[in-house]
Structures are given as C-alpha cells and as structure tokens.
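Chemist: If it helps, the file is called model-v2.cif and holds mmCIF, C-alpha atoms and all ligand atoms:
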```cif
data_upload
loop_
_atom_site.group_PDB
_atom_site.id
_atom_site.type_symbol
_atom_site.label_atom_id
_atom_site.label_comp_id
_atom_site.auth_asym_id
_atom_site.auth_seq_id
_atom_site.Cartn_x
_atom_site.Cartn_y
_atom_site.Cartn_z
ATOM 1 C CA MET A 6 -10.514 16.360 15.788
ATOM 2 C CA SER A 7 -7.462 14.944 17.561
ATOM 3 C CA GLU A 8 -4.437 17.154 18.127
ATOM 4 C CA LEU A 9 -0.807 16.125 18.391
ATOM 5 C CA ARG A 10 1.379 18.617 20.203
ATOM 6 C CA ILE A 11 5.105 18.029 19.932
ATOM 7 C CA GLU A 12 7.303 19.882 22.414
ATOM 8 C CA LYS A 13 11.110 20.184 22.238
ATOM 9 C CA LEU A 14 11.453 16.689 20.795
ATOM 10 C CA HIS A 15 14.921 15.164 20.646
ATOM 11 C CA PHE A 16 15.923 11.682 19.531
ATOM 12 C CA ALA A 17 19.086 9.785 18.561
ATOM 13 C CA TYR A 18 19.578 6.135 17.587
ATOM 14 C CA ASP A 19 23.079 6.518 18.961
ATOM 15 C CA LYS A 20 23.747 9.389 21.361
ATOM 16 C CA ALA A 21 26.616 10.789 19.342
ATOM 17 C CA THR A 22 24.394 11.350 16.276
ATOM 18 C CA PRO A 23 21.194 13.265 17.016
ATOM 19 C CA VAL A 24 18.481 12.628 14.428
ATOM 20 C CA ILE A 25 15.599 14.746 15.781
ATOM 21 C CA LYS A 26 16.907 18.030 17.157
ATOM 22 C CA GLY A 27 14.341 20.013 19.113
ATOM 23 C CA ILE A 28 11.120 19.885 17.130
ATOM 24 C CA ASP A 29 8.171 21.999 18.317
ATOM 25 C CA LEU A 30 5.041 21.520 16.264
ATOM 26 C CA VAL A 31 1.285 21.289 16.646
ATOM 27 C CA LEU A 32 -0.356 18.966 14.159
ATOM 28 C CA ASP A 33 -3.891 20.293 13.907
ATOM 29 C CA ASP A 34 -6.992 19.755 11.800
ATOM 30 C CA ARG A 35 -5.318 20.690 8.510
ATOM 31 C CA THR A 36 -4.204 17.787 6.326
ATOM 32 C CA THR A 37 -0.435 18.006 6.646
ATOM 33 C CA ALA A 38 2.359 16.896 4.328
ATOM 34 C CA ILE A 39 5.789 16.404 5.883
ATOM 35 C CA ILE A 40 8.562 16.892 3.337
ATOM 36 C CA GLY A 41 12.350 16.841 3.570
ATOM 37 C CA GLN A 42 15.370 15.333 1.861
ATOM 38 C CA ASN A 43 16.382 11.695 2.456
ATOM 39 C CA GLY A 44 17.657 11.183 5.977
ATOM 40 C CA SER A 45 16.155 14.407 7.376
ATOM 41 C CA GLY A 46 14.338 12.432 10.082
ATOM 42 C CA LYS A 47 10.757 12.179 8.781
ATOM 43 C CA THR A 48 10.270 8.440 9.323
ATOM 44 C CA THR A 49 11.973 8.615 12.721
ATOM 45 C CA PHE A 50 9.603 11.471 13.633
ATOM 46 C CA VAL A 51 6.435 9.530 12.774
ATOM 47 C CA LYS A 52 7.750 6.435 14.589
ATOM 48 C CA LEU A 53 8.118 8.662 17.658
ATOM 49 C CA LEU A 54 4.535 9.908 17.229
ATOM 50 C CA LYS A 55 3.331 6.307 17.034
ATOM 51 C CA GLY A 56 5.291 5.339 20.172
ATOM 52 C CA LEU A 57 7.493 2.839 18.300
ATOM 53 C CA LEU A 58 10.519 4.878 19.397
ATOM 54 C CA ARG A 59 10.727 6.783 22.666
ATOM 55 C CA PRO A 60 12.087 10.363 22.695
ATOM 56 C CA TYR A 61 15.457 11.126 24.220
ATOM 57 C CA SER A 62 13.828 14.280 25.611
ATOM 58 C CA GLY A 63 10.716 16.358 24.972
ATOM 59 C CA ARG A 64 7.044 15.391 24.899
ATOM 60 C CA ILE A 65 4.368 14.264 22.476
ATOM 61 C CA LEU A 66 0.855 15.112 23.654
ATOM 62 C CA LEU A 67 -2.126 13.425 22.033
ATOM 63 C CA ASP A 68 -5.244 15.399 22.930
ATOM 64 C CA GLY A 69 -3.379 16.646 25.996
ATOM 65 C CA ALA A 70 -2.121 13.220 27.188
ATOM 66 C CA ASP A 71 1.610 12.494 27.075
ATOM 67 C CA ILE A 72 2.042 9.378 24.922
ATOM 68 C CA ALA A 73 4.961 8.368 27.173
ATOM 69 C CA THR A 74 2.282 7.415 29.707
ATOM 70 C CA MET A 75 0.431 5.246 27.172
ATOM 71 C CA THR A 76 1.193 1.663 26.116
ATOM 72 C CA VAL A 77 1.820 0.819 22.449
ATOM 73 C CA ALA A 78 -1.601 -0.918 22.482
ATOM 74 C CA GLN A 79 -3.323 2.241 23.770
ATOM 75 C CA ILE A 80 -1.579 4.360 21.135
ATOM 76 C CA ALA A 81 -2.602 1.834 18.441
ATOM 77 C CA LYS A 82 -6.274 2.640 19.098
ATOM 78 C CA LYS A 83 -5.604 6.329 18.476
ATOM 79 C CA ILE A 84 -2.872 6.510 15.827
ATOM 80 C CA GLY A 85 -2.646 4.443 12.653
ATOM 81 C CA LEU A 86 0.648 4.428 10.743
ATOM 82 C CA VAL A 87 0.957 3.088 7.207
ATOM 83 C CA PHE A 88 4.595 2.079 6.805
ATOM 84 C CA GLN A 89 6.650 3.086 3.779
ATOM 85 C CA ASN A 90 7.367 -0.567 3.011
ATOM 86 C CA PRO A 91 4.153 -2.639 3.098
ATOM 87 C CA ASP A 92 6.163 -5.819 3.659
ATOM 88 C CA ASP A 93 6.962 -4.479 7.154
ATOM 89 C CA GLN A 94 3.304 -4.976 8.069
ATOM 90 C CA ILE A 95 2.043 -7.938 5.985
ATOM 91 C CA PHE A 96 1.969 -11.394 7.608
ATOM 92 C CA LYS A 97 -1.219 -13.291 6.696
ATOM 93 C CA GLN A 98 -2.205 -15.683 3.902
ATOM 94 C CA THR A 99 -5.157 -13.754 2.482
ATOM 95 C CA VAL A 100 -5.726 -10.070 1.903
ATOM 96 C CA LEU A 101 -8.864 -10.066 4.074
ATOM 97 C CA ASP A 102 -7.131 -11.844 6.987
ATOM 98 C CA GLU A 103 -4.260 -9.410 6.679
ATOM 99 C CA VAL A 104 -6.491 -6.334 6.828
ATOM 100 C CA MET A 105 -8.367 -7.799 9.813
ATOM 101 C CA VAL A 106 -5.223 -8.105 11.970
ATOM 102 C CA GLY A 107 -5.185 -4.455 13.093
ATOM 103 C CA PRO A 108 -8.913 -4.166 13.885
ATOM 104 C CA LEU A 109 -8.840 -7.459 15.839
ATOM 105 C CA ASN A 110 -5.745 -6.324 17.749
ATOM 106 C CA ILE A 111 -7.486 -3.178 18.943
ATOM 107 C CA GLY A 112 -10.509 -5.105 20.154
ATOM 108 C CA GLN A 113 -13.019 -5.108 17.293
ATOM 109 C CA SER A 114 -15.215 -8.237 17.278
ATOM 110 C CA LEU A 115 -14.725 -10.739 14.434
ATOM 111 C CA ASP A 116 -17.864 -9.464 12.663
ATOM 112 C CA GLN A 117 -16.880 -5.821 13.168
ATOM 113 C CA ALA A 118 -13.330 -6.473 11.948
ATOM 114 C CA ARG A 119 -14.594 -8.342 8.873
ATOM 115 C CA SER A 120 -17.026 -5.601 7.965
ATOM 116 C CA SER A 121 -14.601 -2.683 8.589
ATOM 117 C CA SER A 122 -11.904 -4.542 6.619
ATOM 118 C CA ARG A 123 -14.227 -5.159 3.672
ATOM 119 C CA ALA A 124 -15.234 -1.475 3.693
ATOM 120 C CA ALA A 125 -11.551 -0.475 3.746
ATOM 121 C CA LEU A 126 -10.767 -2.836 0.849
ATOM 122 C CA GLU A 127 -13.618 -1.207 -1.121
ATOM 123 C CA GLN A 128 -12.057 2.207 -0.409
ATOM 124 C CA VAL A 129 -8.714 1.149 -1.928
ATOM 125 C CA GLN A 130 -10.440 -0.804 -4.727
ATOM 126 C CA LEU A 131 -9.161 -4.237 -3.704
ATOM 127 C CA ALA A 132 -12.485 -5.830 -2.733
ATOM 128 C CA ASP A 133 -12.190 -8.387 -5.545
ATOM 129 C CA VAL A 134 -8.896 -9.821 -4.232
ATOM 130 C CA GLU A 135 -9.840 -10.362 -0.590
ATOM 131 C CA GLN A 136 -9.091 -14.115 -0.785
ATOM 132 C CA VAL A 137 -5.774 -13.681 -2.655
ATOM 133 C CA ASN A 138 -2.417 -14.098 -0.904
ATOM 134 C CA PRO A 139 -0.984 -10.565 -0.416
ATOM 135 C CA TYR A 140 2.340 -11.776 -1.837
ATOM 136 C CA ASP A 141 0.613 -12.637 -5.139
ATOM 137 C CA LEU A 142 -0.185 -8.935 -5.506
ATOM 138 C CA ASN A 143 2.254 -6.397 -6.922
ATOM 139 C CA LEU A 144 4.020 -3.890 -4.659
ATOM 140 C CA ALA A 145 1.583 -1.051 -5.425
ATOM 141 C CA GLN A 146 -1.346 -3.320 -4.500
ATOM 142 C CA ARG A 147 0.426 -4.515 -1.344
ATOM 143 C CA LYS A 148 0.812 -0.854 -0.385
ATOM 144 C CA MET A 149 -2.966 -0.494 -0.778
ATOM 145 C CA VAL A 150 -3.473 -3.561 1.470
ATOM 146 C CA ALA A 151 -1.329 -1.827 4.097
ATOM 147 C CA VAL A 152 -3.440 1.336 3.713
ATOM 148 C CA ALA A 153 -6.658 -0.682 4.061
ATOM 149 C CA SER A 154 -5.427 -2.395 7.211
ATOM 150 C CA ILE A 155 -4.938 0.992 8.878
ATOM 151 C CA LEU A 156 -8.241 2.413 7.564
ATOM 152 C CA ALA A 157 -10.092 -0.579 9.017
ATOM 153 C CA MET A 158 -8.800 0.317 12.500
ATOM 154 C CA ASP A 159 -10.737 3.587 12.320
ATOM 155 C CA THR A 160 -8.212 5.571 14.387
ATOM 156 C CA PRO A 161 -8.732 9.330 14.911
ATOM 157 C CA VAL A 162 -5.175 9.998 13.665
ATOM 158 C CA VAL A 163 -3.851 8.463 10.436
ATOM 159 C CA ILE A 164 -0.244 8.840 9.327
ATOM 160 C CA PHE A 165 1.074 7.711 5.940
ATOM 161 C CA ASP A 166 4.769 7.252 5.141
ATOM 162 C CA GLU A 167 5.221 7.720 1.392
ATOM 163 C CA PRO A 168 1.854 6.335 0.219
ATOM 164 C CA THR A 169 2.272 7.446 -3.405
ATOM 165 C CA MET A 170 5.688 5.876 -3.970
ATOM 166 C CA GLY A 171 5.333 3.242 -6.704
ATOM 167 C CA GLN A 172 1.684 4.147 -7.390
ATOM 168 C CA ASP A 173 0.514 5.004 -10.905
ATOM 169 C CA VAL A 174 -1.963 7.800 -11.705
ATOM 170 C CA ALA A 175 -4.954 5.640 -10.729
ATOM 171 C CA GLY A 176 -3.279 4.591 -7.466
ATOM 172 C CA LYS A 177 -2.480 8.198 -6.606
ATOM 173 C CA ALA A 178 -6.103 9.162 -7.260
ATOM 174 C CA ILE A 179 -7.239 6.451 -4.810
ATOM 175 C CA ILE A 180 -4.811 7.712 -2.142
ATOM 176 C CA LYS A 181 -5.973 11.298 -2.721
ATOM 177 C CA LYS A 182 -9.612 10.262 -2.240
ATOM 178 C CA VAL A 183 -8.731 8.236 0.895
ATOM 179 C CA ILE A 184 -7.009 11.287 2.417
ATOM 180 C CA GLU A 185 -9.900 13.598 1.510
ATOM 181 C CA ASP A 186 -12.453 11.130 2.942
ATOM 182 C CA LEU A 187 -10.491 10.761 6.198
ATOM 183 C CA HIS A 188 -10.319 14.542 6.508
ATOM 184 C CA GLU A 189 -14.057 14.836 5.870
ATOM 185 C CA GLU A 190 -14.697 12.235 8.582
ATOM 186 C CA GLY A 191 -12.876 14.587 10.989
ATOM 187 C CA LYS A 192 -9.676 12.576 11.312
ATOM 188 C CA ALA A 193 -6.226 14.094 11.610
ATOM 189 C CA VAL A 194 -4.139 13.128 8.550
ATOM 190 C CA PHE A 195 -0.364 13.482 8.217
ATOM 191 C CA CYS A 196 1.689 12.206 5.360
ATOM 192 C CA ILE A 197 5.393 11.961 4.595
ATOM 193 C CA LEU A 198 5.923 12.716 0.911
ATOM 194 C CA HIS A 199 8.664 13.082 -1.658
ATOM 195 C CA ASP A 200 6.147 13.914 -4.389
ATOM 196 C CA MET A 201 5.851 17.714 -4.271
ATOM 197 C CA ASP A 202 3.094 17.769 -6.925
ATOM 198 C CA PHE A 203 0.941 15.438 -4.834
ATOM 199 C CA ALA A 204 1.700 17.421 -1.667
ATOM 200 C CA ALA A 205 0.705 20.662 -3.413
ATOM 201 C CA ALA A 206 -2.473 19.232 -4.915
ATOM 202 C CA VAL A 207 -3.811 17.443 -1.825
ATOM 203 C CA PHE A 208 -2.548 18.975 1.443
ATOM 204 C CA GLU A 209 -3.557 22.171 3.217
ATOM 205 C CA ARG A 210 -0.414 22.497 5.283
ATOM 206 C CA VAL A 211 3.228 21.645 4.558
ATOM 207 C CA VAL A 212 5.941 21.038 7.159
ATOM 208 C CA VAL A 213 9.564 21.028 5.983
ATOM 209 C CA PHE A 214 12.201 18.983 7.805
ATOM 210 C CA SER A 215 15.882 19.634 7.367
ATOM 211 C CA GLN A 216 18.562 17.696 9.231
ATOM 212 C CA GLY A 217 16.235 16.774 12.070
ATOM 213 C CA GLN A 218 14.872 20.285 12.517
ATOM 214 C CA LEU A 219 11.802 22.168 11.411
ATOM 215 C CA LEU A 220 12.903 24.521 8.645
ATOM 216 C CA LEU A 221 9.525 25.857 7.602
ATOM 217 C CA GLU A 222 5.811 25.242 8.022
ATOM 218 C CA GLY A 223 2.589 26.848 6.895
ATOM 219 C CA ASP A 224 -0.148 26.714 4.280
ATOM 220 C CA ALA A 225 0.958 24.789 1.203
ATOM 221 C CA ARG A 226 0.917 27.826 -1.111
ATOM 222 C CA GLU A 227 2.999 29.898 1.271
ATOM 223 C CA VAL A 228 5.581 27.162 1.949
ATOM 224 C CA PHE A 229 6.005 26.193 -1.702
ATOM 225 C CA SER A 230 6.496 29.863 -2.661
ATOM 226 C CA LYS A 231 9.713 29.958 -0.583
ATOM 227 C CA LYS A 232 11.981 28.776 -3.380
ATOM 228 C CA GLU A 233 15.336 29.662 -1.781
ATOM 229 C CA LEU A 234 14.514 28.054 1.581
ATOM 230 C CA LEU A 235 13.309 24.906 -0.181
ATOM 231 C CA GLN A 236 16.530 24.796 -2.187
ATOM 232 C CA GLN A 237 18.472 25.005 1.086
ATOM 233 C CA ALA A 238 16.675 21.808 2.132
ATOM 234 C CA TYR A 239 17.383 20.230 -1.289
ATOM 235 C CA LEU A 240 13.689 20.348 -2.178
ATOM 236 C CA ASP A 241 11.940 21.447 -5.318
ATOM 237 C CA GLN A 242 8.818 23.498 -5.917
ATOM 238 C CA PRO A 243 5.814 21.741 -7.512
ATOM 239 C CA GLN A 244 6.071 21.552 -11.323
ATOM 240 C CA ALA A 245 2.946 23.709 -11.804
ATOM 241 C CA MET A 246 4.404 26.513 -9.682
ATOM 242 C CA LYS A 247 7.646 26.454 -11.679
ATOM 243 C CA ILE A 248 5.762 26.555 -14.987
ATOM 244 C CA ALA A 249 3.568 29.443 -13.753
ATOM 245 C CA GLN A 250 6.719 31.367 -12.800
ATOM 246 C CA VAL A 251 8.264 30.811 -16.257
ATOM 247 C CA LEU A 252 5.015 32.001 -17.847
ATOM 248 C CA GLY A 253 4.950 35.040 -15.552
ATOM 249 C CA ILE A 254 1.623 34.083 -13.941
ATOM 250 C CA PRO A 255 1.433 35.539 -10.413
ATOM 251 C CA GLY A 256 -0.188 33.917 -7.370
ATOM 252 C CA ASN A 257 2.107 30.962 -6.545
ATOM 253 C CA LEU A 258 -0.100 28.462 -8.328
ATOM 254 C CA LEU A 259 -0.008 24.935 -6.922
ATOM 255 C CA THR A 260 -1.568 22.718 -9.562
ATOM 256 C CA VAL A 261 -1.850 22.255 -13.312
ATOM 257 C CA GLU A 262 -5.584 22.975 -12.943
ATOM 258 C CA GLU A 263 -4.805 26.385 -11.392
ATOM 259 C CA VAL A 264 -2.347 27.194 -14.204
ATOM 260 C CA GLU A 265 -4.944 26.147 -16.788
ATOM 261 C CA ALA A 266 -7.606 28.341 -15.180
ATOM 262 C CA ALA A 267 -5.214 31.321 -15.031
ATOM 263 C CA LEU A 268 -4.300 30.876 -18.713
ATOM 264 C CA LYS A 269 -7.979 30.639 -19.734
ATOM 265 C CA GLU A 270 -8.735 33.781 -17.737
ATOM 266 C CA GLY A 271 -5.834 35.540 -19.483
ATOM 267 C CA VAL A 272 -7.147 34.508 -22.921
ATOM 268 C CA ASN A 273 -10.661 35.669 -22.039
ATOM 269 C CA GLN A 274 -9.577 39.127 -20.855
HETATM 270 N N1 LIG B 301 17.206 2.031 12.870
HETATM 271 C C1 LIG B 301 18.139 2.968 12.702
HETATM 272 N N2 LIG B 301 19.336 2.872 13.337
HETATM 273 C C2 LIG B 301 20.281 3.844 13.190
HETATM 274 N N3 LIG B 301 20.126 4.939 12.412
HETATM 275 C C3 LIG B 301 18.973 5.068 11.755
HETATM 276 C C4 LIG B 301 17.901 4.094 11.850
HETATM 277 N N4 LIG B 301 16.862 4.511 11.082
HETATM 278 C C5 LIG B 301 17.246 5.686 10.527
HETATM 279 N N5 LIG B 301 18.495 6.014 10.916
HETATM 280 C C6 LIG B 301 19.240 7.241 10.542
HETATM 281 O O1 LIG B 301 18.493 8.351 11.024
HETATM 282 C C7 LIG B 301 18.517 9.419 10.074
HETATM 283 C C8 LIG B 301 17.093 9.815 9.729
HETATM 284 O O2 LIG B 301 16.476 8.731 9.033
HETATM 285 P P1 LIG B 301 14.950 8.727 8.649
HETATM 286 O O3 LIG B 301 14.656 7.412 8.001
HETATM 287 O O4 LIG B 301 14.138 9.135 9.801
HETATM 288 O O5 LIG B 301 14.920 9.902 7.555
HETATM 289 P P2 LIG B 301 13.823 10.211 6.432
HETATM 290 O O6 LIG B 301 13.718 11.688 6.350
HETATM 291 O O7 LIG B 301 12.577 9.461 6.719
HETATM 292 O O8 LIG B 301 14.516 9.642 5.129
HETATM 293 P P3 LIG B 301 13.839 9.004 3.797
HETATM 294 O O9 LIG B 301 13.175 10.136 3.101
HETATM 295 O O10 LIG B 301 15.022 8.473 3.050
HETATM 296 O O11 LIG B 301 12.887 7.922 4.244
HETATM 297 C C9 LIG B 301 19.330 8.925 8.888
HETATM 298 O O12 LIG B 301 20.651 9.393 9.043
HETATM 299 C C10 LIG B 301 19.284 7.420 9.022
HETATM 300 O O13 LIG B 301 20.440 6.829 8.485
#
```
Any chance you could put this one into structure tokens?
Ligand SMILES: Nc1ncnc2c1ncn2[C@@H]1O[C@H](COP(=O)(O)OP(=O)(O)OP(=O)(O)O)[C@@H](O)[C@H]1O

Modeler:
Amino acid sequence: MSELRIEKLHFAYDKATPVIKGIDLVLDDRTTAIIGQNGSGKTTFVKLLKGLLRPYSGRILLDGADIATMTVAQIAKKIGLVFQNPDDQIFKQTVLDEVMVGPLNIGQSLDQARSSSRAALEQVQLADVEQVNPYDLNLAQRKMVAVASILAMDTPVVIFDEPTMGQDVAGKAIIKKVIEDLHEEGKAVFCILHDMDFAAAVFERVVVFSQGQLLLEGDAREVFSKKELLQQAYLDQPQAMKIAQVLGIPGNLLTVEEVEAALKEGVNQ
C-alpha cells in the first residue's frame, strides 16, 4: 500500500493570501474522506499531491520519495486524480478513446490500454456507450467517464474530487463499489466530499480542512461525533447521526442501516 506523507505544507496562489497553511498529515491505508467548507483548500491540496501545483514550502513524500524530485509524468504513473469537473479532462471523440488517453500516456501498449479501459468502463457501467461521443452523455455519465479514465491507469494512489456531486442513488452506489474495490485491491484512496452521508457510509477515516489548516482527523465515527468542532468549520454531521441523537440512541451511529439495527434491537429487548 502506498503512503503519502505531507510535512509542513504551505501554498499560496498569490503570496499575500496563503491557501494551505502548514499541513502535516500521513495518508495511510485507510480510505480517507477530506471534508471542509467551500474554499478551505481541499482541491488545492490534492493538486499539490498530484504535482500540478508546487508547494511554497514543505514536502510531500510518496513512499518516501519527495515528489518535488519527480516529473509530472512520473507522478502520473503513481497518482490518479479524478477532477471535480469532468470537462477538465475530456478531449476525445469517443468514450473508449477518451478513457485510453491516460493509460497510453503512462506507457501501456495499445492492446493493454484498450483492455484496461474496457474493464474500467464495465466498472462504472458505461461499457455499452464506448463508441459514443462523451459530449453526448449527460454530466453524471461524463463524470463516470472521467472516473474510468483514471481507473484504467491502475495507479497505486487514486484521488477523487467530489465524485458523488450530480450523481443519483445508482451513480453513488457505483462510486461506492469502485472505492471499495480499489481499497480491496490494496490501493490508497482519498476523496474530497461535501456529502457527509456518503463520507460516513463509505470511508474509514475523515480529515477536516478549515481555512487551509487541518482542524481534525481520525476514524469517521470519532470525527463525526465532534459536533461543535464540525460546526466551527461550517460542516454538518451525517443525517443518521443527527436522527440517532434526537431518538436518544447512543454510539454515534453513522448510517441509516446502523440506526435501523439499533431500533430493531431496542424493540426486541
Ligand atoms: N487558480 C487559482 N488562482 C487563485 N486563487 C485560487 C485558485 N484556485 C483556488 N483559489 C482560491 O484558493 C482558495 C482555496 O480554494 P480550493 O478550490 O482549494 O478550495 P476547496 O476547499 O476545494 O473549495 P470547494 O469545496 O469550493 O471546491 C479559495 O479562496 C479559492 O478562491
């Protein structure tokens, strides 16, 4: 499992306005959700991890190697980033050609790239539209194309920026399964999210950003139980946890399924 170690990271687009202010964090083998209000620096942070922006000071170590010593092409083989807006990464005329761009760029042969891209399209349930122009798909489907193009690259680290935004229940279920499968394959998975219910249901660890700093991090149940700190960062607890609190059910429950089980247990006692 790859490890990203972030040490005293600072970044500013313009020197007078720091955006990332001294982040120390080790992203380990737990699936990790990064949450924080708009503008707290989450997207900037993952662009730094991917080497698209260079830190003002501090270091990012990927399996012990400082990414400042690596080229963008070298980082691309190790870290896949699914952008928030799929249109930032879609250029080709067919879905299959689009998904093959990444794998070809990192040196997969044509046959390899075609087969890994088809497997990735199966994973996001778009196999039947491989010859369609990506711009004839709706936004939610284009987001899935962007996910597939990163999956096909088979990188040891996969980062998603807001994958559930604009997805319906079925789309969210596909993303959940993709994340679980990546984790099972031993990949490191990090995901920026605004959807607290999805974060609570899917991720083992939660990292909270506030104004470019790390406010809080830990296991999902522990982090989401810290109501006052979350409020400070203008964040909400998951709906299930709030309902459990209203009902007086202890245990900082994370999901509707946990609340249901607790209620059934209560009825059966
Ligand atoms: N290219 C840029 N040039 C200048 N400032 C930028 C740029 N991109 C982001 N910023 C600023 O940096 C700060 C952090 O933005 P960033 O997009 O990283 O936050 P975020 O937590 O990802 O927000 P959101 O949840 O809305 O995506 C914001 O104040 C934003 O306006």

Chemist: Could you give me the residues within 10 Å of ligand LIG 301 (chain B), counting all atoms listed in the file, as an NGL selection string?

Modeler: :A and (16-19 or 22-25 or 39-53 or 58 or 89 or 166-167 or 197-199 or 214-217)

Chemist: Which is closer to Leu240 (chain A) than all the others in A:Val106, A:Val213, A:Val31, A:Ile84, using all atoms listed in the file?

Modeler: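 So, comparing all the options, the nearest one is A:Val213.
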
Chemist: Record the distance separating CA of Glu8 (chain A) and CA of Leu221 (chain A), expressed in Å with one decimal.

Modeler: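 According to the coordinates, CA of Glu8 (chain A) and CA of Leu221 (chain A) are separated by 19.5 Å.
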
Chemist: One decimal, Å: what's the distance from CA of Gln172 (chain A) over to CA of Ala125 (chain A), could you say?

Modeler: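 Computing it gives 17.9 Å between the two atoms.
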
Chemist: Leaving out region 183-193 of chain A and any residue of its chain fewer than 6 positions from it, which residues lie within 10 Å of it when counting all atoms listed in the file, given as a ChimeraX atom specification?

Modeler: /A:6-9,32-37,84,125,128-129,152-153,156,159-165,177,207-208
